[in-house]
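**Student:** Have a look at this one.
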Amino acid sequence: MAYRNKTYVCFDGDKDMHYYRLMCAWKQHEGINFNFFNAHDLNTARDDSQEVSIKRQLRERLNNTAVLVVLIGEQTRYLYRFVRWEMEQAVQMGLPVIAVNLNGLRQQDADRCPPIIRDELAIHISFNAAILQYALEHWPASNQKYRTEGKTGAFYYKPDVYQRLGL
């Protein structure tokens with residue numbers, strides 16, 4: 001198996017692309033403590049490619065992934081062709097899932113959370129560089145511990161974690 005060190009970001013490419021681009025900008029900004037190894041840098045899935053070809057490229061990215069970040073916007077739960085498929089693959093692979101609420105909620109958003117991850121082991125956070133970096137650094141180990149203990153479902157960080165991060 002390939003060494004898994006990438007972060008796979010799953011999102012609504014039509015409506016939430018600017019959030020993904022903002023994450024990439026945080027990574028480039030010297031004044032912001034944010035970094036991730038982007039799985040989307042591995043190959044290019046063009047919009048005009050066949051679905052089978054796109055899924056093959058996405059699967060290659062997932063095979064090099066250590067953690068799945070799902071950007072949850074207004075329409076994310078309704079996307080099935082690729083977004084749901086990406087989440088299904090990640091869940092089957094046992095990847096740690098970080099669910100990022102684009103509306104600012106710091107726990108699972110029952111109205112927006114995609115059903116495929118609603119009952120899965122995942123940490124639910126708000127969209128912010130500091131808490132996302134914290135989750136990228138801490139959730140994979142916590143996820144492994146909780147899996148070993150047989151736990152599942154939605155987790156979230158308590159207010160003191162956000163306070164320590166200045167949020």
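Identifiers in the structure tokens: chain A, B, ... in order shown; residue index from 1 per chain; ligand index from 1 in order shown.
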Where does region 89-118 of chain A meet region 140-161 of chain A within 12 Å, residue by residue, with the nearest atom pair and distance in Å to one decimal for each, counting only C-alpha atoms, listed by chain and rising number, as JSON lines?

**Tutor:**
```
{"residue": "A:Val91", "atom": "CA", "partner": "A:Thr152", "partner_atom": "CA", "distance": 11.7}
{"residue": "A:Gly94", "atom": "CA", "partner": "A:Arg147", "partner_atom": "CA", "distance": 9.1}
{"residue": "A:Leu95", "atom": "CA", "partner": "A:Pro140", "partner_atom": "CA", "distance": 8.3}
{"residue": "A:Pro96", "atom": "CA", "partner": "A:Pro140", "partner_atom": "CA", "distance": 5.6}
{"residue": "A:Val97", "atom": "CA", "partner": "A:Pro140", "partner_atom": "CA", "distance": 8.3}
{"residue": "A:Ile98", "atom": "CA", "partner": "A:Pro140", "partner_atom": "CA", "distance": 9.2}
{"residue": "A:Ala99", "atom": "CA", "partner": "A:Ala154", "partner_atom": "CA", "distance": 9.2}
{"residue": "A:Val100", "atom": "CA", "partner": "A:Tyr156", "partner_atom": "CA", "distance": 10.6}
{"residue": "A:Asn101", "atom": "CA", "partner": "A:Tyr156", "partner_atom": "CA", "distance": 11.4}
{"residue": "A:Leu105", "atom": "CA", "partner": "A:Tyr156", "partner_atom": "CA", "distance": 10.1}
{"residue": "A:Arg106", "atom": "CA", "partner": "A:Tyr156", "partner_atom": "CA", "distance": 6.8}
{"residue": "A:Gln107", "atom": "CA", "partner": "A:Tyr156", "partner_atom": "CA", "distance": 5.3}
{"residue": "A:Gln108", "atom": "CA", "partner": "A:Ala154", "partner_atom": "CA", "distance": 6.4}
{"residue": "A:Asp109", "atom": "CA", "partner": "A:Ala154", "partner_atom": "CA", "distance": 9.9}
{"residue": "A:Ala110", "atom": "CA", "partner": "A:Ala154", "partner_atom": "CA", "distance": 10.3}
{"residue": "A:Cys113", "atom": "CA", "partner": "A:Ala154", "partner_atom": "CA", "distance": 10.3}
{"residue": "A:Pro115", "atom": "CA", "partner": "A:Gly153", "partner_atom": "CA", "distance": 11.7}
{"residue": "A:Ile116", "atom": "CA", "partner": "A:Gly153", "partner_atom": "CA", "distance": 11.4}
{"residue": "A:Ile117", "atom": "CA", "partner": "A:Gly153", "partner_atom": "CA", "distance": 8.5}
{"residue": "A:Arg118", "atom": "CA", "partner": "A:Ala154", "partner_atom": "CA", "distance": 7.1}
```

**Student:** Would you mind listing what lies within 9 Å of Thr76 (chain A) as a PyMOL selection string, with only C-alpha atoms counted and same-chain residues fewer than 3 positions away left out?

**Tutor:** chain A and resi 11-12+15-16+70-73+79-80+83-84+112-114

**Student:** Taking N, CA and C atoms for each residue, export the selection above as a PDB file, in the first residue's frame.

**Tutor:**
```
ATOM      1  N   PHE A  11     -15.954  18.357  -1.558  1.00  0.00           N
ATOM      2  CA  PHE A  11     -16.805  19.546  -1.476  1.00  0.00           C
ATOM      3  C   PHE A  11     -17.652  19.691  -2.730  1.00  0.00           C
ATOM      4  N   ASP A  12     -18.618  20.575  -2.657  1.00  0.00           N
ATOM      5  CA  ASP A  12     -19.467  20.929  -3.786  1.00  0.00           C
ATOM      6  C   ASP A  12     -18.663  21.868  -4.684  1.00  0.00           C
ATOM      7  N   LYS A  15     -20.667  25.135  -5.847  1.00  0.00           N
ATOM      8  CA  LYS A  15     -21.078  26.177  -4.894  1.00  0.00           C
ATOM      9  C   LYS A  15     -20.034  26.528  -3.841  1.00  0.00           C
ATOM     10  N   ASP A  16     -19.114  25.618  -3.534  1.00  0.00           N
ATOM     11  CA  ASP A  16     -18.202  25.835  -2.407  1.00  0.00           C
ATOM     12  C   ASP A  16     -16.726  25.852  -2.788  1.00  0.00           C
ATOM     13  N   VAL A  70     -14.468  17.046   4.706  1.00  0.00           N
ATOM     14  CA  VAL A  70     -15.694  17.290   3.955  1.00  0.00           C
ATOM     15  C   VAL A  70     -16.163  18.705   4.262  1.00  0.00           C
ATOM     16  N   LEU A  71     -16.164  19.558   3.250  1.00  0.00           N
ATOM     17  CA  LEU A  71     -16.690  20.911   3.405  1.00  0.00           C
ATOM     18  C   LEU A  71     -18.201  20.823   3.221  1.00  0.00           C
ATOM     19  N   ILE A  72     -18.947  21.119   4.279  1.00  0.00           N
ATOM     20  CA  ILE A  72     -20.395  20.939   4.259  1.00  0.00           C
ATOM     21  C   ILE A  72     -21.085  22.287   4.072  1.00  0.00           C
ATOM     22  N   GLY A  73     -21.583  22.469   2.862  1.00  0.00           N
ATOM     23  CA  GLY A  73     -22.342  23.665   2.521  1.00  0.00           C
ATOM     24  C   GLY A  73     -23.825  23.352   2.433  1.00  0.00           C
ATOM     25  N   LEU A  79     -25.547  15.905  -3.113  1.00  0.00           N
ATOM     26  CA  LEU A  79     -24.657  15.537  -4.221  1.00  0.00           C
ATOM     27  C   LEU A  79     -24.311  14.058  -4.155  1.00  0.00           C
ATOM     28  N   TYR A  80     -24.642  13.329  -5.200  1.00  0.00           N
ATOM     29  CA  TYR A  80     -24.466  11.880  -5.192  1.00  0.00           C
ATOM     30  C   TYR A  80     -23.404  11.380  -6.163  1.00  0.00           C
ATOM     31  N   VAL A  83     -19.470  13.413  -4.871  1.00  0.00           N
ATOM     32  CA  VAL A  83     -19.265  13.763  -3.462  1.00  0.00           C
ATOM     33  C   VAL A  83     -19.680  12.610  -2.551  1.00  0.00           C
ATOM     34  N   ARG A  84     -20.861  12.060  -2.758  1.00  0.00           N
ATOM     35  CA  ARG A  84     -21.294  10.925  -1.944  1.00  0.00           C
ATOM     36  C   ARG A  84     -20.360   9.739  -2.167  1.00  0.00           C
ATOM     37  N   ARG A 112     -27.695  19.820   7.473  1.00  0.00           N
ATOM     38  CA  ARG A 112     -26.791  19.853   6.324  1.00  0.00           C
ATOM     39  C   ARG A 112     -25.868  18.646   6.188  1.00  0.00           C
ATOM     40  N   CYS A 113     -25.652  17.928   7.265  1.00  0.00           N
ATOM     41  CA  CYS A 113     -24.701  16.820   7.232  1.00  0.00           C
ATOM     42  C   CYS A 113     -25.163  15.745   6.243  1.00  0.00           C
ATOM     43  N   PRO A 114     -24.309  15.354   5.306  1.00  0.00           N
ATOM     44  CA  PRO A 114     -24.676  14.291   4.365  1.00  0.00           C
ATOM     45  C   PRO A 114     -24.995  12.997   5.119  1.00  0.00           C
TER      46      PRO A 114
END
```

**Student:** Which residue gives the smallest distance to Glu88 (chain A) among A:Glu120, A:Glu137, A:Asp14, A:Glu51, with only C-alpha atoms counted?

**Tutor:**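 Checking each candidate against Glu88 (chain A), we get A:Glu120 as the closest.
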
**Student:** Between CA of Arg59 (chain A) and CA of Glu86 (chain A), what is the distance in Å, rounded to a tenth?

**Tutor:**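 CA of Glu86 (chain A) lies at a distance of 8.1 Å from CA of Arg59 (chain A).
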
**Student:** Please report, as a ChimeraX atom specification, each residue of chain A to which DSSP assigns strand (DSSP E or B) when run on this structure's backbone.

**Tutor:** /A:6-10,38,65-72,97-101,122-126,154-156

**Student:** Selection from above, N, CA and C atoms, as an mmCIF file, in the first residue's frame, can you write it?

**Tutor:**
```cif
data_model
loop_
_atom_site.group_PDB
_atom_site.id
_atom_site.type_symbol
_atom_site.label_atom_id
_atom_site.label_comp_id
_atom_site.auth_asym_id
_atom_site.auth_seq_id
_atom_site.Cartn_x
_atom_site.Cartn_y
_atom_site.Cartn_z
ATOM 1 N N LYS A 6 -1.719 12.342 2.543
ATOM 2 C CA LYS A 6 -2.457 13.444 1.928
ATOM 3 C C LYS A 6 -3.765 13.719 2.651
ATOM 4 N N THR A 7 -4.263 14.923 2.424
ATOM 5 C CA THR A 7 -5.580 15.332 2.900
ATOM 6 C C THR A 7 -6.483 15.434 1.693
ATOM 7 N N TYR A 8 -7.557 14.682 1.701
ATOM 8 C CA TYR A 8 -8.519 14.707 0.607
ATOM 9 C C TYR A 8 -9.639 15.645 1.005
ATOM 10 N N VAL A 9 -9.878 16.665 0.203
ATOM 11 C CA VAL A 9 -10.934 17.629 0.488
ATOM 12 C C VAL A 9 -12.102 17.347 -0.445
ATOM 13 N N CYS A 10 -13.231 17.025 0.140
ATOM 14 C CA CYS A 10 -14.454 16.686 -0.580
ATOM 15 C C CYS A 10 -15.412 17.867 -0.427
ATOM 16 N N ASN A 38 -2.132 18.219 0.048
ATOM 17 C CA ASN A 38 -3.345 18.179 -0.739
ATOM 18 C C ASN A 38 -3.372 16.998 -1.711
ATOM 19 N N THR A 65 -4.439 8.974 0.764
ATOM 20 C CA THR A 65 -5.044 9.889 1.722
ATOM 21 C C THR A 65 -4.946 9.370 3.150
ATOM 22 N N ALA A 66 -4.638 10.290 4.053
ATOM 23 C CA ALA A 66 -4.589 9.973 5.485
ATOM 24 C C ALA A 66 -5.840 10.456 6.200
ATOM 25 N N VAL A 67 -6.505 11.469 5.657
ATOM 26 C CA VAL A 67 -7.685 12.051 6.305
ATOM 27 C C VAL A 67 -8.586 12.670 5.233
ATOM 28 N N LEU A 68 -9.904 12.556 5.454
ATOM 29 C CA LEU A 68 -10.889 13.163 4.565
ATOM 30 C C LEU A 68 -11.471 14.395 5.238
ATOM 31 N N VAL A 69 -11.431 15.529 4.543
ATOM 32 C CA VAL A 69 -12.080 16.751 4.997
ATOM 33 C C VAL A 69 -13.295 16.958 4.103
ATOM 34 N N VAL A 70 -14.468 17.046 4.706
ATOM 35 C CA VAL A 70 -15.694 17.290 3.955
ATOM 36 C C VAL A 70 -16.163 18.705 4.262
ATOM 37 N N LEU A 71 -16.164 19.558 3.250
ATOM 38 C CA LEU A 71 -16.690 20.911 3.405
ATOM 39 C C LEU A 71 -18.201 20.823 3.221
ATOM 40 N N ILE A 72 -18.947 21.119 4.279
ATOM 41 C CA ILE A 72 -20.395 20.939 4.259
ATOM 42 C C ILE A 72 -21.085 22.287 4.072
ATOM 43 N N VAL A 97 -12.524 11.206 9.324
ATOM 44 C CA VAL A 97 -13.350 12.197 8.638
ATOM 45 C C VAL A 97 -13.456 13.453 9.489
ATOM 46 N N ILE A 98 -13.145 14.590 8.865
ATOM 47 C CA ILE A 98 -13.322 15.896 9.490
ATOM 48 C C ILE A 98 -14.425 16.597 8.708
ATOM 49 N N ALA A 99 -15.570 16.780 9.341
ATOM 50 C CA ALA A 99 -16.722 17.436 8.722
ATOM 51 C C ALA A 99 -16.670 18.912 9.080
ATOM 52 N N VAL A 100 -16.539 19.763 8.076
ATOM 53 C CA VAL A 100 -16.349 21.198 8.294
ATOM 54 C C VAL A 100 -17.612 21.947 7.883
ATOM 55 N N ASN A 101 -18.283 22.506 8.869
ATOM 56 C CA ASN A 101 -19.514 23.258 8.617
ATOM 57 C C ASN A 101 -19.188 24.649 8.106
ATOM 58 N N ALA A 122 -16.790 10.773 13.096
ATOM 59 C CA ALA A 122 -16.295 11.994 12.452
ATOM 60 C C ALA A 122 -16.257 13.109 13.485
ATOM 61 N N ILE A 123 -15.328 14.038 13.280
ATOM 62 C CA ILE A 123 -15.274 15.244 14.099
ATOM 63 C C ILE A 123 -15.934 16.356 13.288
ATOM 64 N N HIS A 124 -16.809 17.119 13.916
ATOM 65 C CA HIS A 124 -17.536 18.197 13.249
ATOM 66 C C HIS A 124 -17.035 19.519 13.808
ATOM 67 N N ILE A 125 -16.586 20.390 12.908
ATOM 68 C CA ILE A 125 -15.996 21.668 13.301
ATOM 69 C C ILE A 125 -16.533 22.790 12.428
ATOM 70 N N SER A 126 -16.224 24.022 12.817
ATOM 71 C CA SER A 126 -16.557 25.173 11.984
ATOM 72 C C SER A 126 -15.420 25.415 10.986
ATOM 73 N N ALA A 154 -20.994 11.248 15.755
ATOM 74 C CA ALA A 154 -20.488 12.607 15.639
ATOM 75 C C ALA A 154 -19.757 13.042 16.908
ATOM 76 N N PHE A 155 -18.567 13.555 16.727
ATOM 77 C CA PHE A 155 -17.787 14.145 17.812
ATOM 78 C C PHE A 155 -17.597 15.622 17.489
ATOM 79 N N TYR A 156 -17.272 16.391 18.507
ATOM 80 C CA TYR A 156 -16.982 17.809 18.309
ATOM 81 C C TYR A 156 -16.051 18.261 19.422
#
```

**Student:** Return as a ChimeraX atom specification the full set of residues in region 24-143 of chain A whose backbone-based DSSP assignment is alpha helix (DSSP H).

**Tutor:** /A:24-28,51-63,85-93,115-118,129-143

**Student:** Take the residues that were just selected and, keeping N, CA and C atoms, output them as a tab-separated table (two decimals), in the first residue's frame.

**Tutor:**
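Wrote again20.tsv, looks like this:
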```
chain	number	residue	atom	x	y	z
A	24	CYS	N	-6.43	26.58	0.39
A	24	CYS	CA	-5.15	26.59	-0.33
A	24	CYS	C	-4.41	27.91	-0.09
A	25	ALA	N	-5.15	29.01	0.00
A	25	ALA	CA	-4.53	30.31	0.28
A	25	ALA	C	-3.97	30.36	1.70
A	26	TRP	N	-4.68	29.78	2.67
A	26	TRP	CA	-4.17	29.72	4.04
A	26	TRP	C	-2.83	29.01	4.06
A	27	LYS	N	-2.74	27.95	3.30
A	27	LYS	CA	-1.50	27.16	3.25
A	27	LYS	C	-0.34	28.00	2.72
A	28	GLN	N	-0.61	28.85	1.76
A	28	GLN	CA	0.44	29.67	1.14
A	28	GLN	C	0.82	30.91	1.96
A	51	GLU	N	-17.18	9.52	-16.34
A	51	GLU	CA	-17.35	9.28	-14.91
A	51	GLU	C	-16.41	8.18	-14.41
A	52	VAL	N	-16.26	7.11	-15.17
A	52	VAL	CA	-15.39	6.01	-14.76
A	52	VAL	C	-13.95	6.49	-14.64
A	53	SER	N	-13.52	7.29	-15.58
A	53	SER	CA	-12.16	7.82	-15.57
A	53	SER	C	-11.94	8.76	-14.39
A	54	ILE	N	-12.93	9.62	-14.14
A	54	ILE	CA	-12.82	10.55	-13.01
A	54	ILE	C	-12.74	9.78	-11.70
A	55	LYS	N	-13.60	8.77	-11.54
A	55	LYS	CA	-13.60	7.99	-10.30
A	55	LYS	C	-12.29	7.22	-10.13
A	56	ARG	N	-11.70	6.78	-11.21
A	56	ARG	CA	-10.40	6.10	-11.12
A	56	ARG	C	-9.34	7.07	-10.59
A	57	GLN	N	-9.35	8.30	-11.09
A	57	GLN	CA	-8.39	9.31	-10.61
A	57	GLN	C	-8.67	9.70	-9.16
A	58	LEU	N	-9.94	9.81	-8.82
A	58	LEU	CA	-10.29	10.13	-7.43
A	58	LEU	C	-9.87	9.01	-6.50
A	59	ARG	N	-10.04	7.77	-6.95
A	59	ARG	CA	-9.64	6.60	-6.14
A	59	ARG	C	-8.14	6.61	-5.91
A	60	GLU	N	-7.37	7.00	-6.93
A	60	GLU	CA	-5.91	7.11	-6.77
A	60	GLU	C	-5.57	8.13	-5.69
A	61	ARG	N	-6.28	9.24	-5.70
A	61	ARG	CA	-6.07	10.26	-4.66
A	61	ARG	C	-6.41	9.70	-3.29
A	62	LEU	N	-7.56	9.03	-3.20
A	62	LEU	CA	-7.98	8.47	-1.91
A	62	LEU	C	-7.00	7.43	-1.40
A	63	ASN	N	-6.39	6.67	-2.28
A	63	ASN	CA	-5.41	5.65	-1.87
A	63	ASN	C	-4.17	6.27	-1.23
A	85	TRP	N	-19.99	9.50	-3.42
A	85	TRP	CA	-19.09	8.39	-3.75
A	85	TRP	C	-17.76	8.55	-3.02
A	86	GLU	N	-17.21	9.77	-3.00
A	86	GLU	CA	-15.95	10.03	-2.31
A	86	GLU	C	-16.08	9.71	-0.82
A	87	MET	N	-17.17	10.15	-0.21
A	87	MET	CA	-17.38	9.87	1.21
A	87	MET	C	-17.56	8.38	1.46
A	88	GLU	N	-18.31	7.70	0.60
A	88	GLU	CA	-18.49	6.24	0.74
A	88	GLU	C	-17.15	5.52	0.70
A	89	GLN	N	-16.31	5.90	-0.26
A	89	GLN	CA	-15.00	5.27	-0.40
A	89	GLN	C	-14.16	5.49	0.85
A	90	ALA	N	-14.16	6.74	1.34
A	90	ALA	CA	-13.37	7.07	2.53
A	90	ALA	C	-13.84	6.30	3.75
A	91	VAL	N	-15.16	6.19	3.92
A	91	VAL	CA	-15.72	5.45	5.05
A	91	VAL	C	-15.33	3.98	4.95
A	92	GLN	N	-15.44	3.40	3.76
A	92	GLN	CA	-15.07	1.99	3.56
A	92	GLN	C	-13.59	1.76	3.86
A	93	MET	N	-12.77	2.76	3.57
A	93	MET	CA	-11.33	2.65	3.80
A	93	MET	C	-10.96	2.92	5.25
A	115	PRO	N	-26.09	12.34	4.76
A	115	PRO	CA	-26.49	11.12	5.47
A	115	PRO	C	-25.40	10.04	5.51
A	116	ILE	N	-24.57	9.97	4.51
A	116	ILE	CA	-23.54	8.93	4.44
A	116	ILE	C	-22.54	9.02	5.58
A	117	ILE	N	-22.35	10.23	6.14
A	117	ILE	CA	-21.40	10.37	7.27
A	117	ILE	C	-22.10	10.73	8.57
A	118	ARG	N	-23.41	10.88	8.55
A	118	ARG	CA	-24.15	11.34	9.73
A	118	ARG	C	-23.91	10.47	10.96
A	129	ALA	N	-9.21	28.32	9.83
A	129	ALA	CA	-7.87	27.73	9.67
A	129	ALA	C	-7.36	27.13	10.98
A	130	ALA	N	-7.55	27.82	12.10
A	130	ALA	CA	-6.98	27.35	13.37
A	130	ALA	C	-7.60	26.03	13.83
A	131	ILE	N	-8.92	25.92	13.80
A	131	ILE	CA	-9.56	24.69	14.27
A	131	ILE	C	-9.35	23.57	13.26
A	132	LEU	N	-9.30	23.89	11.99
A	132	LEU	CA	-9.06	22.86	10.98
A	132	LEU	C	-7.64	22.32	11.12
A	133	GLN	N	-6.67	23.18	11.35
A	133	GLN	CA	-5.30	22.72	11.57
A	133	GLN	C	-5.23	21.84	12.82
A	134	TYR	N	-5.92	22.26	13.86
A	134	TYR	CA	-5.96	21.47	15.09
A	134	TYR	C	-6.54	20.08	14.81
A	135	ALA	N	-7.64	20.04	14.08
A	135	ALA	CA	-8.27	18.76	13.75
A	135	ALA	C	-7.36	17.90	12.88
A	136	LEU	N	-6.68	18.50	11.92
A	136	LEU	CA	-5.76	17.73	11.07
A	136	LEU	C	-4.64	17.10	11.89
A	137	GLU	N	-4.20	17.82	12.92
A	137	GLU	CA	-3.11	17.32	13.77
A	137	GLU	C	-3.58	16.32	14.83
A	138	HIS	N	-4.80	16.45	15.31
A	138	HIS	CA	-5.25	15.65	16.45
A	138	HIS	C	-6.30	14.59	16.13
A	139	TRP	N	-7.17	14.83	15.16
A	139	TRP	CA	-8.26	13.89	14.93
A	139	TRP	C	-7.82	12.51	14.45
A	140	PRO	N	-6.84	12.38	13.58
A	140	PRO	CA	-6.47	11.01	13.15
A	140	PRO	C	-6.13	10.08	14.32
A	141	ALA	N	-5.39	10.55	15.31
A	141	ALA	CA	-5.05	9.71	16.47
A	141	ALA	C	-6.29	9.44	17.32
A	142	SER	N	-7.12	10.46	17.53
A	142	SER	CA	-8.35	10.27	18.29
A	142	SER	C	-9.28	9.31	17.57
A	143	ASN	N	-9.37	9.46	16.26
A	143	ASN	CA	-10.19	8.58	15.44
A	143	ASN	C	-9.76	7.12	15.62
```
